[in-house]
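Have a look at the structure below before the remarks.
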Amino acid sequence: MAIVTTPRTNGGPDQRPGGPTLEVPRYRSSRGRPRWVSIPLRFLVPALLVVVWWIGSATGAIPEEILAGPPKVWTAFAELYQTGQLLDFSIASFKRAALGVLFGVVIGLVLGVISGLSSLGEELVDSTMQITRAVPFLALVPLFIAWFGIDETFKVLLIAVATVAPMYAYTYLGVRNVDRKMVEAARSFGLTGSRLVFEVILPSALPGVLMALRICLSISITGLIAAEQVGTREGIGYLVTLAQEYNRTDYMVLCVVLYAVLGLIFDGVVRIIERFSMPWRGQVAAR
């Protein structure tokens, strides 16, 4: 008679005759890397690219006329910082992007909830939003200039139009994918109307909404670049225009770096929101 080991409720082995051999299940805990290891790993590849860029510029493999080296870019940064233009232009661009994203995200979120919650809302809203999504927002630049001029209104509205479609699409899908059983259970406890939307439906659709916010913030940088190329006297886009006129590749590279920093700031904001609004996300990934 064979003696096999089977698991007991307390996790210890149990000797029982016959039957298949069972293994004691192991609890799989998520063991993340220490921060002193994880943070340097995040900057490893960008640091290597900067090193290659620096070596290429120093050895002459990358001509200065094509791409200015890190020392020249740093000199341009120091010049603009000492004059105060760097801070003023960065704040101006940040305000335009933030206002445009705010309007686009709010409008897209409201329309996505309306379209996702009711068939009437979908019939009234979805076709128009699909048309808006299909039209490249850069094609609207001449029309917006004719309608709103070249002042701040044009720039903010262009960024808002660029971000409203992604927010609508992800919110609509997030609301539609909410578990119907959970909604019925909430209704059985007396949750209806706005309480049902804000306490059950939107929290369930939050992963899609935050993904939409991340995409909207990325697209807003493209809209900002397009908006600041027209009638601008302050902003990062104005620096790009000056760099093109005077063929200053150091200014051009500096503007690219500033846009990248602005994108990192936006992404960091979304990560902070995710960490506090969805603390369970870190325990879900199978890694």
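How things are named: the first chain in the structure tokens is A, the next is B, and so on; residues count from 1 in each chain; ligands count from 1 in the order shown.
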
**Request:** Please identify all polymer residues within 9 Å of A:Leu206, counting only C-alpha atoms, omitting same-chain residues fewer than 3 positions from it, and present them as a PyMOL selection string.
**Result:** chain A and resi 171+174+201-203+209-211+277-278

Against stretch 98-110 of chain A, which residues of stretch 146-257 of chain A fall within 6 Å? For each one I want the closest pair of atoms and the distance in Å (one decimal), counting only C-alpha atoms, rows by chain and increasing residue number, as JSON lines.
```
{"residue": "A:Val156", "atom": "CA", "partner": "A:Gly100", "partner_atom": "CA", "distance": 4.6}
{"residue": "A:Ile159", "atom": "CA", "partner": "A:Gly100", "partner_atom": "CA", "distance": 4.8}
{"residue": "A:Ala160", "atom": "CA", "partner": "A:Gly104", "partner_atom": "CA", "distance": 4.1}
{"residue": "A:Thr163", "atom": "CA", "partner": "A:Gly104", "partner_atom": "CA", "distance": 5.2}
{"residue": "A:Val164", "atom": "CA", "partner": "A:Gly104", "partner_atom": "CA", "distance": 4.3}
{"residue": "A:Met167", "atom": "CA", "partner": "A:Gly108", "partner_atom": "CA", "distance": 5.0}
{"residue": "A:Tyr168", "atom": "CA", "partner": "A:Gly108", "partner_atom": "CA", "distance": 4.2}
```

Selected residues, C-alpha atoms, written as a PDB file, in the first residue's frame, please.
```
ATOM      1  CA  VAL A 156      -6.412  76.331 -25.208  1.00  0.00           C
ATOM      2  CA  ILE A 159      -5.522  71.362 -26.904  1.00  0.00           C
ATOM      3  CA  ALA A 160      -9.018  70.725 -25.513  1.00  0.00           C
ATOM      4  CA  THR A 163      -7.837  65.573 -25.674  1.00  0.00           C
ATOM      5  CA  VAL A 164     -11.630  65.266 -25.590  1.00  0.00           C
ATOM      6  CA  MET A 167     -11.169  60.725 -22.722  1.00  0.00           C
ATOM      7  CA  TYR A 168     -14.603  60.096 -24.184  1.00  0.00           C
TER       8      TYR A 168
END
```

**Request:** Could you check how far atom CA of A:Ser93 sits from atom CA of A:Ile39, in Å to one decimal?
**Result:**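 Straight-line distance from atom CA of A:Ser93 to atom CA of A:Ile39 works out to 28.2 Å.
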
**Asked** Counting only C-alpha atoms, what is within 12 Å of A:Arg271, bar same-chain residues fewer than 4 positions away, as a list in words?
**Response**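 Neighbouring residues, sequence-local ones excluded: Pro207, Leu210, Met211, Leu213, Arg214, Leu264, Ile265, Phe266, Asp267, Arg275, Phe276, Ser277, Met278, Pro279, Arg281 and Gly282 of chain A.
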
Please save N, CA and C atoms of the selected residues as a short mmCIF file (atom, residue, chain, number, x, y, z; two decimals), in the first residue's frame.
```
data_model
loop_
_atom_site.label_atom_id
_atom_site.label_comp_id
_atom_site.auth_asym_id
_atom_site.auth_seq_id
_atom_site.Cartn_x
_atom_site.Cartn_y
_atom_site.Cartn_z
N PRO A 207 -9.88 52.65 -13.79
CA PRO A 207 -8.67 52.29 -14.55
C PRO A 207 -8.69 52.82 -15.99
N LEU A 210 -8.23 56.72 -15.94
CA LEU A 210 -6.85 57.15 -15.70
C LEU A 210 -5.95 56.86 -16.90
N MET A 211 -6.21 55.75 -17.59
CA MET A 211 -5.47 55.50 -18.82
C MET A 211 -5.77 56.57 -19.86
N LEU A 213 -6.62 59.62 -19.16
CA LEU A 213 -5.95 60.84 -18.71
C LEU A 213 -4.48 60.84 -19.11
N ARG A 214 -3.84 59.69 -18.98
CA ARG A 214 -2.42 59.61 -19.39
C ARG A 214 -2.26 59.87 -20.89
N LEU A 264 6.97 64.26 -18.51
CA LEU A 264 7.27 63.48 -17.30
C LEU A 264 6.50 64.00 -16.09
N ILE A 265 6.34 65.31 -16.00
CA ILE A 265 5.56 65.88 -14.90
C ILE A 265 4.12 65.41 -14.97
N PHE A 266 3.53 65.46 -16.16
CA PHE A 266 2.16 65.00 -16.33
C PHE A 266 2.03 63.52 -15.98
N ASP A 267 2.98 62.71 -16.46
CA ASP A 267 2.92 61.28 -16.16
C ASP A 267 3.08 61.02 -14.67
N ARG A 275 -1.77 55.75 -7.56
CA ARG A 275 -1.30 55.12 -6.31
C ARG A 275 -2.29 55.35 -5.17
N PHE A 276 -2.90 56.54 -5.12
CA PHE A 276 -3.81 56.83 -4.02
C PHE A 276 -5.24 56.38 -4.31
N SER A 277 -5.65 56.38 -5.57
CA SER A 277 -7.03 56.00 -5.88
C SER A 277 -7.20 54.51 -6.13
N MET A 278 -6.13 53.83 -6.54
CA MET A 278 -6.20 52.39 -6.79
C MET A 278 -4.99 51.70 -6.16
N PRO A 279 -4.94 51.61 -4.84
CA PRO A 279 -3.76 51.02 -4.18
C PRO A 279 -3.61 49.54 -4.45
N ARG A 281 -3.67 48.07 -7.34
CA ARG A 281 -3.10 47.77 -8.65
C ARG A 281 -1.73 47.15 -8.54
N GLY A 282 -0.96 47.52 -7.53
CA GLY A 282 0.40 46.96 -7.38
C GLY A 282 0.41 45.50 -7.04
#
```

**Item:** For A:Leu117: contacts at 12 Å, only C-alpha atoms, fewer than 3 positions along chain excluded, given as a VMD selection string
**Value:** chain A and resid 110 to 114 120 to 123 125 to 126 171 to 178 180 183 193 to 194 196 to 197 201 to 202 205

**Request:** For stretch 224-232 of chain A, work out the shell of residues within 9 Å, counting only C-alpha atoms and skipping chain neighbours fewer than 3 positions away, then give it as number ranges by chain.
**Result:** A: 93, 96-97, 100, 138, 141, 145, 150-152, 154-156, 158-159, 219-221, 235-238, 240-241, 259

I need the residues from that last selection saved to file as an mmCIF file, in the first residue's frame (with N, CA, C and O atoms), if you can.
```cif
data_model
loop_
_atom_site.group_PDB
_atom_site.id
_atom_site.type_symbol
_atom_site.label_atom_id
_atom_site.label_comp_id
_atom_site.auth_asym_id
_atom_site.auth_seq_id
_atom_site.Cartn_x
_atom_site.Cartn_y
_atom_site.Cartn_z
ATOM 1 N N SER A 93 3.705 77.747 -21.114
ATOM 2 C CA SER A 93 3.334 76.513 -21.808
ATOM 3 C C SER A 93 2.566 75.568 -20.890
ATOM 4 O O SER A 93 1.594 74.917 -21.298
ATOM 5 N N ARG A 96 -1.088 76.721 -20.591
ATOM 6 C CA ARG A 96 -1.881 76.405 -21.785
ATOM 7 C C ARG A 96 -2.243 74.932 -21.830
ATOM 8 O O ARG A 96 -3.399 74.562 -22.078
ATOM 9 N N ALA A 97 -1.264 74.087 -21.576
ATOM 10 C CA ALA A 97 -1.523 72.651 -21.622
ATOM 11 C C ALA A 97 -2.495 72.241 -20.517
ATOM 12 O O ALA A 97 -3.419 71.439 -20.747
ATOM 13 N N GLY A 100 -6.117 73.470 -21.358
ATOM 14 C CA GLY A 100 -6.686 72.681 -22.454
ATOM 15 C C GLY A 100 -7.046 71.275 -22.025
ATOM 16 O O GLY A 100 -8.126 70.763 -22.367
ATOM 17 N N LEU A 138 -5.018 68.575 -35.905
ATOM 18 C CA LEU A 138 -4.132 69.520 -36.587
ATOM 19 C C LEU A 138 -4.790 70.115 -37.827
ATOM 20 O O LEU A 138 -4.434 71.225 -38.246
ATOM 21 N N VAL A 141 -6.511 73.579 -37.243
ATOM 22 C CA VAL A 141 -5.743 74.785 -36.913
ATOM 23 C C VAL A 141 -6.157 75.984 -37.767
ATOM 24 O O VAL A 141 -6.430 77.075 -37.225
ATOM 25 N N ILE A 145 -7.976 79.362 -36.174
ATOM 26 C CA ILE A 145 -7.368 80.690 -36.304
ATOM 27 C C ILE A 145 -8.390 81.675 -36.877
ATOM 28 O O ILE A 145 -8.489 82.827 -36.423
ATOM 29 N N ILE A 150 -5.521 84.354 -32.937
ATOM 30 C CA ILE A 150 -4.278 83.674 -32.563
ATOM 31 C C ILE A 150 -3.933 83.907 -31.097
ATOM 32 O O ILE A 150 -2.789 83.702 -30.690
ATOM 33 N N ASP A 151 -4.932 84.301 -30.315
ATOM 34 C CA ASP A 151 -4.683 84.558 -28.901
ATOM 35 C C ASP A 151 -4.736 83.259 -28.109
ATOM 36 O O ASP A 151 -4.754 82.160 -28.665
ATOM 37 N N GLU A 152 -4.807 83.391 -26.785
ATOM 38 C CA GLU A 152 -4.784 82.229 -25.902
ATOM 39 C C GLU A 152 -6.000 81.330 -26.098
ATOM 40 O O GLU A 152 -5.905 80.112 -25.901
ATOM 41 N N PHE A 154 -7.487 80.390 -28.818
ATOM 42 C CA PHE A 154 -7.196 79.426 -29.878
ATOM 43 C C PHE A 154 -6.320 78.294 -29.370
ATOM 44 O O PHE A 154 -6.581 77.113 -29.630
ATOM 45 N N LYS A 155 -5.315 78.615 -28.613
ATOM 46 C CA LYS A 155 -4.367 77.602 -28.152
ATOM 47 C C LYS A 155 -5.016 76.640 -27.158
ATOM 48 O O LYS A 155 -4.835 75.415 -27.249
ATOM 49 N N VAL A 156 -5.766 77.182 -26.208
ATOM 50 C CA VAL A 156 -6.412 76.331 -25.208
ATOM 51 C C VAL A 156 -7.457 75.431 -25.848
ATOM 52 O O VAL A 156 -7.551 74.231 -25.541
ATOM 53 N N LEU A 158 -7.615 74.382 -28.943
ATOM 54 C CA LEU A 158 -7.005 73.355 -29.785
ATOM 55 C C LEU A 158 -6.546 72.166 -28.934
ATOM 56 O O LEU A 158 -6.754 71.002 -29.307
ATOM 57 N N ILE A 159 -5.946 72.443 -27.792
ATOM 58 C CA ILE A 159 -5.522 71.362 -26.904
ATOM 59 C C ILE A 159 -6.732 70.629 -26.345
ATOM 60 O O ILE A 159 -6.722 69.393 -26.208
ATOM 61 N N ILE A 219 -1.066 63.594 -25.576
ATOM 62 C CA ILE A 219 -1.529 64.279 -26.785
ATOM 63 C C ILE A 219 -1.493 65.792 -26.605
ATOM 64 O O ILE A 219 -1.279 66.541 -27.569
ATOM 65 N N SER A 220 -1.697 66.245 -25.372
ATOM 66 C CA SER A 220 -1.687 67.695 -25.139
ATOM 67 C C SER A 220 -0.334 68.311 -25.484
ATOM 68 O O SER A 220 -0.275 69.491 -25.876
ATOM 69 N N ILE A 221 0.738 67.549 -25.345
ATOM 70 C CA ILE A 221 2.053 68.077 -25.725
ATOM 71 C C ILE A 221 2.103 68.340 -27.224
ATOM 72 O O ILE A 221 2.622 69.379 -27.675
ATOM 73 N N GLY A 235 6.528 81.109 -24.385
ATOM 74 C CA GLY A 235 6.258 79.685 -24.389
ATOM 75 C C GLY A 235 7.409 78.919 -25.022
ATOM 76 O O GLY A 235 8.286 79.493 -25.689
ATOM 77 N N ILE A 236 7.398 77.623 -24.808
ATOM 78 C CA ILE A 236 8.462 76.786 -25.374
ATOM 79 C C ILE A 236 8.399 76.797 -26.886
ATOM 80 O O ILE A 236 9.435 76.759 -27.564
ATOM 81 N N GLY A 237 7.178 76.846 -27.451
ATOM 82 C CA GLY A 237 7.047 76.902 -28.907
ATOM 83 C C GLY A 237 7.679 78.149 -29.491
ATOM 84 O O GLY A 237 8.192 78.118 -30.625
ATOM 85 N N TYR A 238 7.656 79.252 -28.751
ATOM 86 C CA TYR A 238 8.319 80.469 -29.212
ATOM 87 C C TYR A 238 9.827 80.275 -29.277
ATOM 88 O O TYR A 238 10.492 80.775 -30.194
ATOM 89 N N VAL A 240 11.224 77.454 -29.938
ATOM 90 C CA VAL A 240 11.445 76.646 -31.140
ATOM 91 C C VAL A 240 11.483 77.529 -32.378
ATOM 92 O O VAL A 240 12.327 77.349 -33.275
ATOM 93 N N THR A 241 10.566 78.501 -32.451
ATOM 94 C CA THR A 241 10.546 79.411 -33.598
ATOM 95 C C THR A 241 11.839 80.218 -33.681
ATOM 96 O O THR A 241 12.422 80.385 -34.766
ATOM 97 N N TYR A 259 10.000 69.884 -23.389
ATOM 98 C CA TYR A 259 8.747 69.165 -23.663
ATOM 99 C C TYR A 259 8.756 67.795 -22.982
ATOM 100 O O TYR A 259 7.724 67.345 -22.460
#
```

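With only C-alpha atoms as the atoms that count, the residue of A:Thr132, A:Leu254, A:Ala185, A:Gly56 with the shortest distance to A:Tyr81 is A:Leu254.
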
**Prompt:** Which is closest to A:Leu239 among A:Ala61, A:Phe77, A:Val200, A:Ala186, if we use only C-alpha atoms?
**Reply:**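 Ranking A:Ala61, A:Phe77, A:Val200, A:Ala186 by distance to A:Leu239, first place goes to A:Phe77.
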
**Distance in Å - atom CA of A:Pro166 versus atom CA of A:Val270** =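 Computing it gives 15.4 Å between the two atoms.
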
**Message:** What parts of stretch 153-276 of chain A does DSSP call alpha helix (DSSP H)? I'd like the answer as a count of residues only.
**Reply:** 101
